[in-house]
>>> print(open('protein-v8.csv').read())   # CSV, N, CA and C atoms
chain,number,residue,atom,x,y,z
A,1,MET,N,12.4,4.4,19.2
A,1,MET,CA,12.0,5.3,18.1
A,1,MET,C,10.6,5.9,18.4
A,2,GLU,N,10.4,7.2,18.2
A,2,GLU,CA,9.2,7.8,18.5
A,2,GLU,C,8.1,7.5,17.5
A,3,ARG,N,6.8,7.5,18.1
A,3,ARG,CA,5.7,7.1,17.3
A,3,ARG,C,5.5,8.2,16.2
A,4,PRO,N,5.2,7.8,14.9
A,4,PRO,CA,5.0,8.8,13.8
A,4,PRO,C,3.7,9.6,14.1
A,5,LYS,N,3.8,10.9,13.6
A,5,LYS,CA,2.7,11.8,13.8
A,5,LYS,C,1.6,11.6,12.8
A,6,LEU,N,1.9,11.0,11.6
A,6,LEU,CA,1.0,10.8,10.5
A,6,LEU,C,0.9,9.3,10.3
A,7,GLY,N,-0.3,8.8,9.9
A,7,GLY,CA,-0.5,7.4,9.5
A,7,GLY,C,-1.1,7.3,8.2
A,8,LEU,N,-0.8,6.1,7.6
A,8,LEU,CA,-1.3,5.8,6.3
A,8,LEU,C,-2.1,4.5,6.4
A,9,ILE,N,-3.4,4.6,6.1
A,9,ILE,CA,-4.3,3.4,6.2
A,9,ILE,C,-4.1,2.6,5.0
A,10,VAL,N,-3.8,1.3,5.2
A,10,VAL,CA,-3.5,0.4,4.1
A,10,VAL,C,-4.2,-1.0,4.4
A,11,ARG,N,-4.8,-1.6,3.4
A,11,ARG,CA,-5.4,-2.9,3.5
A,11,ARG,C,-4.4,-4.0,3.7
A,12,GLU,N,-4.7,-5.1,4.3
A,12,GLU,CA,-3.9,-6.3,4.3
A,12,GLU,C,-4.1,-7.0,3.0
A,13,PRO,N,-3.2,-7.7,2.5
A,13,PRO,CA,-1.9,-7.9,3.0
A,13,PRO,C,-0.9,-6.8,2.7
A,14,TYR,N,-1.3,-5.8,1.9
A,14,TYR,CA,-0.4,-4.8,1.5
A,14,TYR,C,0.3,-4.1,2.7
A,15,ALA,N,-0.4,-3.8,3.8
A,15,ALA,CA,0.2,-3.2,4.9
A,15,ALA,C,1.4,-3.9,5.5
A,16,SER,N,1.2,-5.2,5.6
A,16,SER,CA,2.3,-6.0,6.2
A,16,SER,C,3.4,-6.2,5.1
A,17,LEU,N,3.1,-6.2,3.9
A,17,LEU,CA,4.1,-6.2,2.8
A,17,LEU,C,5.0,-4.9,2.8
A,18,ILE,N,4.3,-3.8,3.1
A,18,ILE,CA,5.1,-2.5,3.3
A,18,ILE,C,6.0,-2.6,4.5
A,19,VAL,N,5.5,-3.0,5.6
A,19,VAL,CA,6.3,-3.1,6.8
A,19,VAL,C,7.4,-4.1,6.7
A,20,ASP,N,7.2,-5.1,5.9
A,20,ASP,CA,8.2,-6.2,5.6
A,20,ASP,C,9.2,-5.7,4.6
A,21,GLY,N,8.9,-4.6,3.9
A,21,GLY,CA,9.9,-4.1,2.9
A,21,GLY,C,9.7,-4.7,1.5
A,22,ARG,N,8.7,-5.5,1.3
A,22,ARG,CA,8.5,-6.1,0.0
A,22,ARG,C,7.6,-5.3,-0.9
A,23,LYS,N,6.9,-4.3,-0.4
A,23,LYS,CA,6.1,-3.4,-1.2
A,23,LYS,C,6.6,-2.0,-1.0
A,24,VAL,N,7.3,-1.4,-2.0
A,24,VAL,CA,7.9,-0.1,-1.8
A,24,VAL,C,7.2,1.0,-2.5
A,25,TRP,N,6.2,0.7,-3.3
A,25,TRP,CA,5.4,1.8,-3.9
A,25,TRP,C,4.0,1.6,-3.4
A,26,GLU,N,3.4,2.6,-2.7
A,26,GLU,CA,2.0,2.6,-2.4
A,26,GLU,C,1.3,3.5,-3.4
A,27,ILE,N,0.4,3.0,-4.1
A,27,ILE,CA,-0.3,3.7,-5.2
A,27,ILE,C,-1.5,4.5,-4.6
A,28,ARG,N,-1.5,5.8,-4.9
A,28,ARG,CA,-2.5,6.8,-4.4
A,28,ARG,C,-3.0,7.6,-5.5
A,29,ARG,N,-4.1,8.2,-5.3
A,29,ARG,CA,-4.7,9.1,-6.3
A,29,ARG,C,-4.2,10.5,-6.3
A,30,ARG,N,-3.5,10.8,-5.2
A,30,ARG,CA,-3.0,12.2,-5.0
A,30,ARG,C,-1.5,12.1,-4.6
A,31,LYS,N,-0.8,13.2,-4.9
A,31,LYS,CA,0.6,13.3,-4.4
A,31,LYS,C,0.5,14.0,-3.1
A,32,THR,N,1.7,14.0,-2.4
A,32,THR,CA,1.8,14.6,-1.1
A,32,THR,C,3.1,15.3,-1.0
A,33,ARG,N,3.2,16.3,-0.2
A,33,ARG,CA,4.5,17.0,0.1
A,33,ARG,C,5.2,16.4,1.3
A,34,HIS,N,4.5,15.6,2.1
A,34,HIS,CA,5.1,15.0,3.3
A,34,HIS,C,6.3,14.1,2.9
A,35,ARG,N,7.3,14.2,3.7
A,35,ARG,CA,8.4,13.3,3.6
A,35,ARG,C,8.8,12.9,5.0
A,36,GLY,N,9.1,11.7,5.3
A,36,GLY,CA,9.5,11.3,6.6
A,36,GLY,C,8.6,10.1,7.1
A,37,PRO,N,8.6,9.9,8.4
A,37,PRO,CA,8.0,8.7,9.0
A,37,PRO,C,6.4,8.7,8.8
A,38,LEU,N,5.9,7.6,8.5
A,38,LEU,CA,4.5,7.4,8.4
A,38,LEU,C,4.1,6.1,9.2
A,39,GLY,N,3.2,6.2,10.0
A,39,GLY,CA,2.7,4.9,10.6
A,39,GLY,C,1.9,4.2,9.6
A,40,ILE,N,2.0,2.9,9.6
A,40,ILE,CA,1.2,2.0,8.7
A,40,ILE,C,0.1,1.4,9.5
A,41,VAL,N,-1.1,1.8,9.2
A,41,VAL,CA,-2.3,1.4,10.0
A,41,VAL,C,-3.1,0.4,9.2
A,42,SER,N,-3.5,-0.7,9.8
A,42,SER,CA,-4.3,-1.7,9.2
A,42,SER,C,-5.2,-2.3,10.3
A,43,GLY,N,-6.5,-2.5,9.9
A,43,GLY,CA,-7.4,-3.0,10.9
A,43,GLY,C,-7.6,-2.2,12.1
A,44,GLY,N,-7.4,-0.8,11.9
A,44,GLY,CA,-7.6,0.1,13.0
A,44,GLY,C,-6.5,0.2,14.0
A,45,ARG,N,-5.4,-0.4,13.7
A,45,ARG,CA,-4.2,-0.3,14.6
A,45,ARG,C,-2.9,-0.1,13.9
A,46,LEU,N,-2.0,0.5,14.6
A,46,LEU,CA,-0.7,0.8,14.0
A,46,LEU,C,0.1,-0.5,14.0
A,47,ILE,N,0.6,-0.9,12.9
A,47,ILE,CA,1.3,-2.2,12.8
A,47,ILE,C,2.8,-2.1,12.5
A,48,GLY,N,3.2,-0.9,12.1
A,48,GLY,CA,4.6,-0.6,11.8
A,48,GLY,C,4.7,0.8,11.2
A,49,GLN,N,5.9,1.0,10.7
A,49,GLN,CA,6.1,2.3,10.1
A,49,GLN,C,7.1,2.2,8.9
A,50,ALA,N,7.0,3.2,8.0
A,50,ALA,CA,7.9,3.3,6.9
A,50,ALA,C,8.2,4.8,6.7
A,51,ASP,N,9.2,5.1,6.0
A,51,ASP,CA,9.6,6.4,5.7
A,51,ASP,C,9.1,6.7,4.3
A,52,LEU,N,8.3,7.8,4.1
A,52,LEU,CA,7.9,8.3,2.8
A,52,LEU,C,9.1,9.1,2.3
A,53,VAL,N,9.8,8.6,1.3
A,53,VAL,CA,11.0,9.3,0.8
A,53,VAL,C,10.8,10.0,-0.5
A,54,GLY,N,9.6,9.8,-1.2
A,54,GLY,CA,9.4,10.5,-2.4
A,54,GLY,C,8.1,10.1,-3.0
A,55,VAL,N,7.6,10.9,-4.0
A,55,VAL,CA,6.4,10.6,-4.8
A,55,VAL,C,6.8,10.7,-6.3
A,56,GLU,N,6.4,9.7,-7.0
A,56,GLU,CA,6.6,9.6,-8.4
A,56,GLU,C,5.3,9.7,-9.2
A,57,GLY,N,5.3,10.3,-10.3
A,57,GLY,CA,4.1,10.3,-11.1
A,57,GLY,C,3.8,11.8,-11.6
A,58,PRO,N,2.7,12.0,-12.2
A,58,PRO,CA,1.6,11.0,-12.4
A,58,PRO,C,1.9,9.9,-13.4
A,59,PHE,N,1.2,8.8,-13.1
A,59,PHE,CA,1.4,7.6,-14.0
A,59,PHE,C,0.0,7.2,-14.5
A,60,SER,N,0.0,6.7,-15.7
A,60,SER,CA,-1.1,6.0,-16.3
A,60,SER,C,-1.1,4.5,-15.7
A,61,VAL,N,-2.2,3.8,-15.9
A,61,VAL,CA,-2.2,2.4,-15.5
A,61,VAL,C,-1.1,1.6,-16.3
A,62,GLU,N,-1.0,1.9,-17.6
A,62,GLU,CA,-0.1,1.3,-18.4
A,62,GLU,C,1.4,1.5,-18.0
A,63,GLU,N,1.7,2.7,-17.5
A,63,GLU,CA,3.0,3.0,-17.0
A,63,GLU,C,3.3,2.2,-15.7
A,64,LEU,N,2.3,2.1,-14.9
A,64,LEU,CA,2.5,1.4,-13.6
A,64,LEU,C,2.7,-0.1,-13.8
A,65,LEU,N,2.1,-0.6,-14.8
A,65,LEU,CA,2.2,-2.1,-15.0
A,65,LEU,C,3.6,-2.5,-15.3
A,66,ALA,N,4.4,-1.6,-15.7
A,66,ALA,CA,5.9,-1.9,-16.0
A,66,ALA,C,6.6,-1.9,-14.6
A,67,HIS,N,6.0,-1.5,-13.5
A,67,HIS,CA,6.7,-1.5,-12.2
A,67,HIS,C,5.9,-2.4,-11.2
A,68,GLN,N,5.3,-3.4,-11.6
A,68,GLN,CA,4.4,-4.2,-10.8
A,68,GLN,C,5.2,-4.8,-9.6
A,69,GLU,N,6.5,-5.1,-9.7
A,69,GLU,CA,7.3,-5.7,-8.6
A,69,GLU,C,7.4,-4.7,-7.5
A,70,LYS,N,7.2,-3.4,-7.7
A,70,LYS,CA,7.3,-2.4,-6.7
A,70,LYS,C,6.0,-2.2,-5.9
A,71,HIS,N,4.9,-2.2,-6.7
A,71,HIS,CA,3.6,-1.9,-6.0
A,71,HIS,C,2.7,-3.2,-5.8
A,72,LEU,N,3.0,-4.3,-6.5
A,72,LEU,CA,2.3,-5.6,-6.4
A,72,LEU,C,0.8,-5.5,-6.7
A,73,ALA,N,0.3,-4.5,-7.4
A,73,ALA,CA,-1.1,-4.4,-7.8
A,73,ALA,C,-1.3,-5.0,-9.2
A,74,GLU,N,-2.4,-5.7,-9.4
A,74,GLU,CA,-2.8,-6.2,-10.7
A,74,GLU,C,-3.5,-5.1,-11.5
A,75,GLU,N,-3.5,-5.4,-12.8
A,75,GLU,CA,-4.1,-4.4,-13.7
A,75,GLU,C,-5.5,-4.1,-13.4
A,76,ALA,N,-6.3,-5.1,-13.1
A,76,ALA,CA,-7.8,-4.9,-12.9
A,76,ALA,C,-8.0,-3.9,-11.7
A,77,PHE,N,-7.2,-4.2,-10.6
A,77,PHE,CA,-7.3,-3.3,-9.4
A,77,PHE,C,-6.9,-1.9,-9.8
A,78,LEU,N,-5.7,-1.7,-10.5
A,78,LEU,CA,-5.3,-0.4,-10.8
A,78,LEU,C,-6.3,0.4,-11.7
A,79,ARG,N,-6.9,-0.3,-12.6
A,79,ARG,CA,-7.9,0.4,-13.5
A,79,ARG,C,-9.1,0.8,-12.7
A,80,ALA,N,-9.6,-0.1,-11.8
A,80,ALA,CA,-10.8,0.2,-11.0
A,80,ALA,C,-10.4,1.4,-10.0
A,81,TYR,N,-9.3,1.4,-9.5
A,81,TYR,CA,-8.9,2.4,-8.5
A,81,TYR,C,-8.6,3.7,-9.2
A,82,ALA,N,-8.1,3.7,-10.4
A,82,ALA,CA,-7.7,5.0,-11.1
A,82,ALA,C,-8.9,5.7,-11.6
A,83,LYS,N,-9.9,5.0,-12.0
A,83,LYS,CA,-11.1,5.6,-12.6
A,83,LYS,C,-10.7,6.6,-13.7
A,84,ASP,N,-9.8,6.1,-14.6
A,84,ASP,CA,-9.4,6.9,-15.7
A,84,ASP,C,-8.6,8.2,-15.3
A,85,GLU,N,-8.1,8.3,-14.1
A,85,GLU,CA,-7.4,9.4,-13.6
A,85,GLU,C,-5.9,9.0,-13.4
A,86,PRO,N,-4.9,9.9,-13.4
A,86,PRO,CA,-3.6,9.5,-13.2
A,86,PRO,C,-3.4,9.1,-11.7
A,87,LEU,N,-2.4,8.3,-11.5
A,87,LEU,CA,-2.0,7.8,-10.2
A,87,LEU,C,-0.6,8.2,-9.8
A,88,TYR,N,-0.3,8.1,-8.5
A,88,TYR,CA,1.0,8.5,-8.0
A,88,TYR,C,1.5,7.3,-7.2
A,89,ALA,N,2.8,7.2,-7.2
A,89,ALA,CA,3.5,6.1,-6.5
A,89,ALA,C,4.2,6.8,-5.3
A,90,TRP,N,3.8,6.5,-4.1
A,90,TRP,CA,4.4,7.0,-2.9
A,90,TRP,C,5.5,6.0,-2.6
A,91,TYR,N,6.8,6.5,-2.6
A,91,TYR,CA,7.9,5.6,-2.4
A,91,TYR,C,8.2,5.5,-0.9
A,92,LEU,N,8.1,4.2,-0.4
A,92,LEU,CA,8.3,4.0,1.0
A,92,LEU,C,9.5,3.2,1.3
A,93,ALA,N,10.3,3.6,2.2
A,93,ALA,CA,11.5,2.9,2.6
A,93,ALA,C,11.2,2.2,4.0
A,94,ARG,N,11.6,0.9,4.1
A,94,ARG,CA,11.4,0.2,5.3
A,94,ARG,C,12.3,0.7,6.4
A,95,THR,N,11.7,0.8,7.6
A,95,THR,CA,12.4,1.3,8.7
A,95,THR,C,13.1,0.2,9.5
A,96,GLY,N,12.8,-1.0,9.3
A,96,GLY,CA,13.4,-2.1,10.0
A,96,GLY,C,12.6,-2.4,11.3
A,97,LEU,N,11.5,-1.7,11.6
A,97,LEU,CA,10.7,-2.0,12.8
A,97,LEU,C,9.7,-3.1,12.4
A,98,ASP,N,9.6,-4.1,13.3
A,98,ASP,CA,8.7,-5.2,13.1
A,98,ASP,C,7.4,-4.9,13.9
A,99,HIS,N,6.3,-5.5,13.4
A,99,HIS,CA,5.1,-5.5,14.2
A,99,HIS,C,4.9,-6.9,14.6
A,100,PRO,N,4.3,-7.1,15.8
A,100,PRO,CA,4.3,-8.5,16.4
A,100,PRO,C,3.5,-9.5,15.6
A,101,GLY,N,2.5,-9.2,14.9
A,101,GLY,CA,1.7,-10.1,14.2
A,101,GLY,C,2.0,-10.3,12.7
A,102,ARG,N,3.1,-9.8,12.3
A,102,ARG,CA,3.5,-9.8,10.9
A,102,ARG,C,3.5,-11.2,10.3
A,103,HIS,N,4.2,-12.1,10.9
A,103,HIS,CA,4.3,-13.4,10.4
A,103,HIS,C,3.0,-14.1,10.2
A,104,GLU,N,2.1,-14.0,11.2
A,104,GLU,CA,0.8,-14.6,11.2
A,104,GLU,C,-0.1,-14.0,10.0
A,105,ILE,N,0.0,-12.6,9.9
A,105,ILE,CA,-0.7,-12.0,8.8
A,105,ILE,C,-0.2,-12.4,7.4
A,106,LEU,N,1.1,-12.4,7.2
A,106,LEU,CA,1.6,-12.9,6.0
A,106,LEU,C,1.3,-14.3,5.7
A,107,ALA,N,1.2,-15.2,6.7
A,107,ALA,CA,0.8,-16.6,6.5
A,107,ALA,C,-0.7,-16.7,6.2
A,108,THR,N,-1.5,-15.8,6.6
A,108,THR,CA,-3.0,-15.9,6.5
A,108,THR,C,-3.4,-15.4,5.1
A,109,TYR,N,-2.8,-14.3,4.6
A,109,TYR,CA,-3.2,-13.6,3.4
A,109,TYR,C,-2.3,-14.0,2.2
A,110,PRO,N,-2.9,-14.0,1.0
A,110,PRO,CA,-2.0,-14.2,-0.1
A,110,PRO,C,-1.0,-13.1,-0.3
A,111,THR,N,0.2,-13.4,-0.7
A,111,THR,CA,1.2,-12.4,-0.9
A,111,THR,C,1.5,-12.2,-2.3
A,112,SER,N,1.0,-13.0,-3.2
A,112,SER,CA,1.2,-12.7,-4.6
A,112,SER,C,0.3,-11.6,-5.1
A,113,ALA,N,0.7,-10.9,-6.1
A,113,ALA,CA,-0.2,-9.8,-6.6
A,113,ALA,C,-1.6,-10.3,-7.0
A,114,GLU,N,-1.6,-11.4,-7.7
A,114,GLU,CA,-2.9,-12.0,-8.1
A,114,GLU,C,-3.8,-12.3,-6.9
A,115,GLY,N,-3.2,-13.0,-5.9
A,115,GLY,CA,-4.0,-13.4,-4.7
A,115,GLY,C,-4.4,-12.2,-3.9
A,116,ALA,N,-3.6,-11.2,-3.8
A,116,ALA,CA,-3.9,-10.0,-3.0
A,116,ALA,C,-5.1,-9.2,-3.7
A,117,VAL,N,-5.0,-9.1,-5.0
A,117,VAL,CA,-6.1,-8.4,-5.7
A,117,VAL,C,-7.4,-9.2,-5.5
A,118,ALA,N,-7.4,-10.5,-5.7
A,118,ALA,CA,-8.6,-11.3,-5.5
A,118,ALA,C,-9.2,-11.1,-4.1
A,119,ARG,N,-8.3,-11.1,-3.1
A,119,ARG,CA,-8.8,-10.9,-1.7
A,119,ARG,C,-9.4,-9.5,-1.6
A,120,CYS,N,-8.9,-8.5,-2.1
A,120,CYS,CA,-9.4,-7.1,-2.0
A,120,CYS,C,-10.7,-7.0,-2.7
A,121,LEU,N,-11.0,-7.8,-3.8
A,121,LEU,CA,-12.2,-7.7,-4.5
A,121,LEU,C,-13.3,-8.6,-4.0
A,122,GLU,N,-13.0,-9.4,-2.9
A,122,GLU,CA,-14.1,-10.1,-2.3
A,122,GLU,C,-15.1,-9.2,-1.6
A,123,PRO,N,-16.3,-9.6,-1.5
A,123,PRO,CA,-17.3,-8.8,-0.7
A,123,PRO,C,-16.9,-8.8,0.7
A,124,PRO,N,-17.2,-7.7,1.5
A,124,PRO,CA,-16.9,-7.7,2.9
A,124,PRO,C,-17.7,-8.7,3.7
A,125,PRO,N,-17.2,-9.1,4.8
A,125,PRO,CA,-18.0,-10.1,5.7
A,125,PRO,C,-19.3,-9.5,6.1
A,126,ASP,N,-20.3,-10.3,6.4
A,126,ASP,CA,-21.6,-9.9,6.8
A,126,ASP,C,-21.5,-8.9,8.0
A,127,GLY,N,-22.2,-7.8,7.8
A,127,GLY,CA,-22.3,-6.8,8.9
A,127,GLY,C,-21.2,-5.8,8.9
A,128,VAL,N,-20.2,-5.9,8.0
A,128,VAL,CA,-19.1,-5.0,7.9
A,128,VAL,C,-19.4,-4.0,6.8
A,129,ARG,N,-19.4,-2.7,7.1
A,129,ARG,CA,-19.6,-1.6,6.1
A,129,ARG,C,-18.2,-1.2,5.6
A,130,VAL,N,-18.2,-0.9,4.3
A,130,VAL,CA,-16.9,-0.5,3.7
A,130,VAL,C,-17.2,0.9,3.1
>>> encode(input="protein-v8.csv", output="structure tokens")
Amino acid sequence: MERPKLGLIVREPYASLIVDGRKVWEIRRRKTRHRGPLGIVSGGRLIGQADLVGVEGPFSVEELLAHQEKHLAEEAFLRAYAKDEPLYAWYLARTGLDHPGRHEILATYPTSAEGAVARCLEPPPDGVRV
């Protein structure tokens, strides 16, 4: 399969959950007209790919909470990310392509919504700029 021309930067563990097919909605502040392959980029490298098959929304945080099994984000994260603006759900379909470190990443990071949000809200390691 050819390398995708566009990439989507996603934090772990969400990136691996997308590649693994367990996270099918990526929540973004903007919609996009792109449809088709997207490289999933995490930690500065391409770890897999998914097909962007549609965009839903706009959604309020309250509306998104009814679909938590699709995006795996906690209410506190959604509210902080939204900043009182509507959000969009980018619907991603798994391509079946594996990345070599997937099992190690999923074993290292929390995969529950609560654990993933707590990990994202931790301060960055010393010397790392965000």
>>> closest_residue(input="protein-v8.csv", among="A:Ile27, A:Leu6, A:Leu52, A:Ala80", to="Arg94 in chain A", atoms="only N, CA and C atoms")
A:Leu52
>>> select_by_dssp(input="protein-v8.csv", residues="range 36-111 of chain A", states="alpha helix (DSSP H)", output="list in words")
Val61, Glu62, Glu63, Leu64, Leu65, Gln68, Glu69, Lys70, His71, Glu75, Ala76, Phe77, Leu78, Arg79, Ala80, Tyr81, Ala82, Arg102, His103, Glu104, Ile105, Leu106, Ala107 and Thr108 of chain A
>>> select_by_dssp(input="protein-v8.csv", residues="range 15-112 of chain A", states="strand (DSSP E or B)", output="PyMOL selection string")
chain A and resi 25-28+36-42+45-59+87-94
>>> write_last_selection(input="protein-v8.csv", atoms="N, CA and C atoms", output="short mmCIF file (atom, residue, chain, number, x, y, z; two decimals), keeping the file's coordinate frame")
data_model
loop_
_atom_site.label_atom_id
_atom_site.label_comp_id
_atom_site.auth_asym_id
_atom_site.auth_seq_id
_atom_site.Cartn_x
_atom_site.Cartn_y
_atom_site.Cartn_z
N TRP A 25 6.20 0.70 -3.30
CA TRP A 25 5.40 1.80 -3.90
C TRP A 25 4.00 1.60 -3.40
N GLU A 26 3.40 2.60 -2.70
CA GLU A 26 2.00 2.60 -2.40
C GLU A 26 1.30 3.50 -3.40
N ILE A 27 0.40 3.00 -4.10
CA ILE A 27 -0.30 3.70 -5.20
C ILE A 27 -1.50 4.50 -4.60
N ARG A 28 -1.50 5.80 -4.90
CA ARG A 28 -2.50 6.80 -4.40
C ARG A 28 -3.00 7.60 -5.50
N GLY A 36 9.10 11.70 5.30
CA GLY A 36 9.50 11.30 6.60
C GLY A 36 8.60 10.10 7.10
N PRO A 37 8.60 9.90 8.40
CA PRO A 37 8.00 8.70 9.00
C PRO A 37 6.40 8.70 8.80
N LEU A 38 5.90 7.60 8.50
CA LEU A 38 4.50 7.40 8.40
C LEU A 38 4.10 6.10 9.20
N GLY A 39 3.20 6.20 10.00
CA GLY A 39 2.70 4.90 10.60
C GLY A 39 1.90 4.20 9.60
N ILE A 40 2.00 2.90 9.60
CA ILE A 40 1.20 2.00 8.70
C ILE A 40 0.10 1.40 9.50
N VAL A 41 -1.10 1.80 9.20
CA VAL A 41 -2.30 1.40 10.00
C VAL A 41 -3.10 0.40 9.20
N SER A 42 -3.50 -0.70 9.80
CA SER A 42 -4.30 -1.70 9.20
C SER A 42 -5.20 -2.30 10.30
N ARG A 45 -5.40 -0.40 13.70
CA ARG A 45 -4.20 -0.30 14.60
C ARG A 45 -2.90 -0.10 13.90
N LEU A 46 -2.00 0.50 14.60
CA LEU A 46 -0.70 0.80 14.00
C LEU A 46 0.10 -0.50 14.00
N ILE A 47 0.60 -0.90 12.90
CA ILE A 47 1.30 -2.20 12.80
C ILE A 47 2.80 -2.10 12.50
N GLY A 48 3.20 -0.90 12.10
CA GLY A 48 4.60 -0.60 11.80
C GLY A 48 4.70 0.80 11.20
N GLN A 49 5.90 1.00 10.70
CA GLN A 49 6.10 2.30 10.10
C GLN A 49 7.10 2.20 8.90
N ALA A 50 7.00 3.20 8.00
CA ALA A 50 7.90 3.30 6.90
C ALA A 50 8.20 4.80 6.70
N ASP A 51 9.20 5.10 6.00
CA ASP A 51 9.60 6.40 5.70
C ASP A 51 9.10 6.70 4.30
N LEU A 52 8.30 7.80 4.10
CA LEU A 52 7.90 8.30 2.80
C LEU A 52 9.10 9.10 2.30
N VAL A 53 9.80 8.60 1.30
CA VAL A 53 11.00 9.30 0.80
C VAL A 53 10.80 10.00 -0.50
N GLY A 54 9.60 9.80 -1.20
CA GLY A 54 9.40 10.50 -2.40
C GLY A 54 8.10 10.10 -3.00
N VAL A 55 7.60 10.90 -4.00
CA VAL A 55 6.40 10.60 -4.80
C VAL A 55 6.80 10.70 -6.30
N GLU A 56 6.40 9.70 -7.00
CA GLU A 56 6.60 9.60 -8.40
C GLU A 56 5.30 9.70 -9.20
N GLY A 57 5.30 10.30 -10.30
CA GLY A 57 4.10 10.30 -11.10
C GLY A 57 3.80 11.80 -11.60
N PRO A 58 2.70 12.00 -12.20
CA PRO A 58 1.60 11.00 -12.40
C PRO A 58 1.90 9.90 -13.40
N PHE A 59 1.20 8.80 -13.10
CA PHE A 59 1.40 7.60 -14.00
C PHE A 59 0.00 7.20 -14.50
N LEU A 87 -2.40 8.30 -11.50
CA LEU A 87 -2.00 7.80 -10.20
C LEU A 87 -0.60 8.20 -9.80
N TYR A 88 -0.30 8.10 -8.50
CA TYR A 88 1.00 8.50 -8.00
C TYR A 88 1.50 7.30 -7.20
N ALA A 89 2.80 7.20 -7.20
CA ALA A 89 3.50 6.10 -6.50
C ALA A 89 4.20 6.80 -5.30
N TRP A 90 3.80 6.50 -4.10
CA TRP A 90 4.40 7.00 -2.90
C TRP A 90 5.50 6.00 -2.60
N TYR A 91 6.80 6.50 -2.60
CA TYR A 91 7.90 5.60 -2.40
C TYR A 91 8.20 5.50 -0.90
N LEU A 92 8.10 4.20 -0.40
CA LEU A 92 8.30 4.00 1.00
C LEU A 92 9.50 3.20 1.30
N ALA A 93 10.30 3.60 2.20
CA ALA A 93 11.50 2.90 2.60
C ALA A 93 11.20 2.20 4.00
N ARG A 94 11.60 0.90 4.10
CA ARG A 94 11.40 0.20 5.30
C ARG A 94 12.30 0.70 6.40
#
>>> residues_around(input="protein-v8.csv", residues="range 18-24 of chain A", least_positions_apart="5", cutoff="7 Å", atoms="only C-alpha atoms", output="number ranges by chain")
A: 48-50, 70-72, 91-94
>>> residues_near_point(input="protein-v8.csv", point="(-1.6, 9.3, -3.9)", cutoff="5 Å", atoms="all atoms listed in the file", output="PyMOL selection string")
chain A and resi 27-31+88
>>> build_atoms(input="protein-v8.csv", residues="range 17-28 of chain A", atoms="N, CA, C and O atoms", output="mmCIF file, keeping the file's coordinate frame")
data_model
loop_
_atom_site.group_PDB
_atom_site.id
_atom_site.type_symbol
_atom_site.label_atom_id
_atom_site.label_comp_id
_atom_site.auth_asym_id
_atom_site.auth_seq_id
_atom_site.Cartn_x
_atom_site.Cartn_y
_atom_site.Cartn_z
ATOM 1 N N LEU A 17 3.100 -6.200 3.900
ATOM 2 C CA LEU A 17 4.100 -6.200 2.800
ATOM 3 C C LEU A 17 5.000 -4.900 2.800
ATOM 4 O O LEU A 17 6.169 -4.943 2.583
ATOM 5 N N ILE A 18 4.300 -3.800 3.100
ATOM 6 C CA ILE A 18 5.100 -2.500 3.300
ATOM 7 C C ILE A 18 6.000 -2.600 4.500
ATOM 8 O O ILE A 18 7.195 -2.291 4.381
ATOM 9 N N VAL A 19 5.500 -3.000 5.600
ATOM 10 C CA VAL A 19 6.300 -3.100 6.800
ATOM 11 C C VAL A 19 7.400 -4.100 6.700
ATOM 12 O O VAL A 19 8.518 -3.872 7.150
ATOM 13 N N ASP A 20 7.200 -5.100 5.900
ATOM 14 C CA ASP A 20 8.200 -6.200 5.600
ATOM 15 C C ASP A 20 9.200 -5.700 4.600
ATOM 16 O O ASP A 20 10.204 -6.393 4.406
ATOM 17 N N GLY A 21 8.900 -4.600 3.900
ATOM 18 C CA GLY A 21 9.900 -4.100 2.900
ATOM 19 C C GLY A 21 9.700 -4.700 1.500
ATOM 20 O O GLY A 21 10.513 -4.428 0.646
ATOM 21 N N ARG A 22 8.700 -5.500 1.300
ATOM 22 C CA ARG A 22 8.500 -6.100 0.000
ATOM 23 C C ARG A 22 7.600 -5.300 -0.900
ATOM 24 O O ARG A 22 7.633 -5.535 -2.133
ATOM 25 N N LYS A 23 6.900 -4.300 -0.400
ATOM 26 C CA LYS A 23 6.100 -3.400 -1.200
ATOM 27 C C LYS A 23 6.600 -2.000 -1.000
ATOM 28 O O LYS A 23 6.535 -1.491 0.102
ATOM 29 N N VAL A 24 7.300 -1.400 -2.000
ATOM 30 C CA VAL A 24 7.900 -0.100 -1.800
ATOM 31 C C VAL A 24 7.200 1.000 -2.500
ATOM 32 O O VAL A 24 7.512 2.170 -2.195
ATOM 33 N N TRP A 25 6.200 0.700 -3.300
ATOM 34 C CA TRP A 25 5.400 1.800 -3.900
ATOM 35 C C TRP A 25 4.000 1.600 -3.400
ATOM 36 O O TRP A 25 3.360 0.554 -3.630
ATOM 37 N N GLU A 26 3.400 2.600 -2.700
ATOM 38 C CA GLU A 26 2.000 2.600 -2.400
ATOM 39 C C GLU A 26 1.300 3.500 -3.400
ATOM 40 O O GLU A 26 1.641 4.715 -3.502
ATOM 41 N N ILE A 27 0.400 3.000 -4.100
ATOM 42 C CA ILE A 27 -0.300 3.700 -5.200
ATOM 43 C C ILE A 27 -1.500 4.500 -4.600
ATOM 44 O O ILE A 27 -2.332 3.996 -3.916
ATOM 45 N N ARG A 28 -1.500 5.800 -4.900
ATOM 46 C CA ARG A 28 -2.500 6.800 -4.400
ATOM 47 C C ARG A 28 -3.000 7.600 -5.500
ATOM 48 O O ARG A 28 -2.296 7.825 -6.545
#
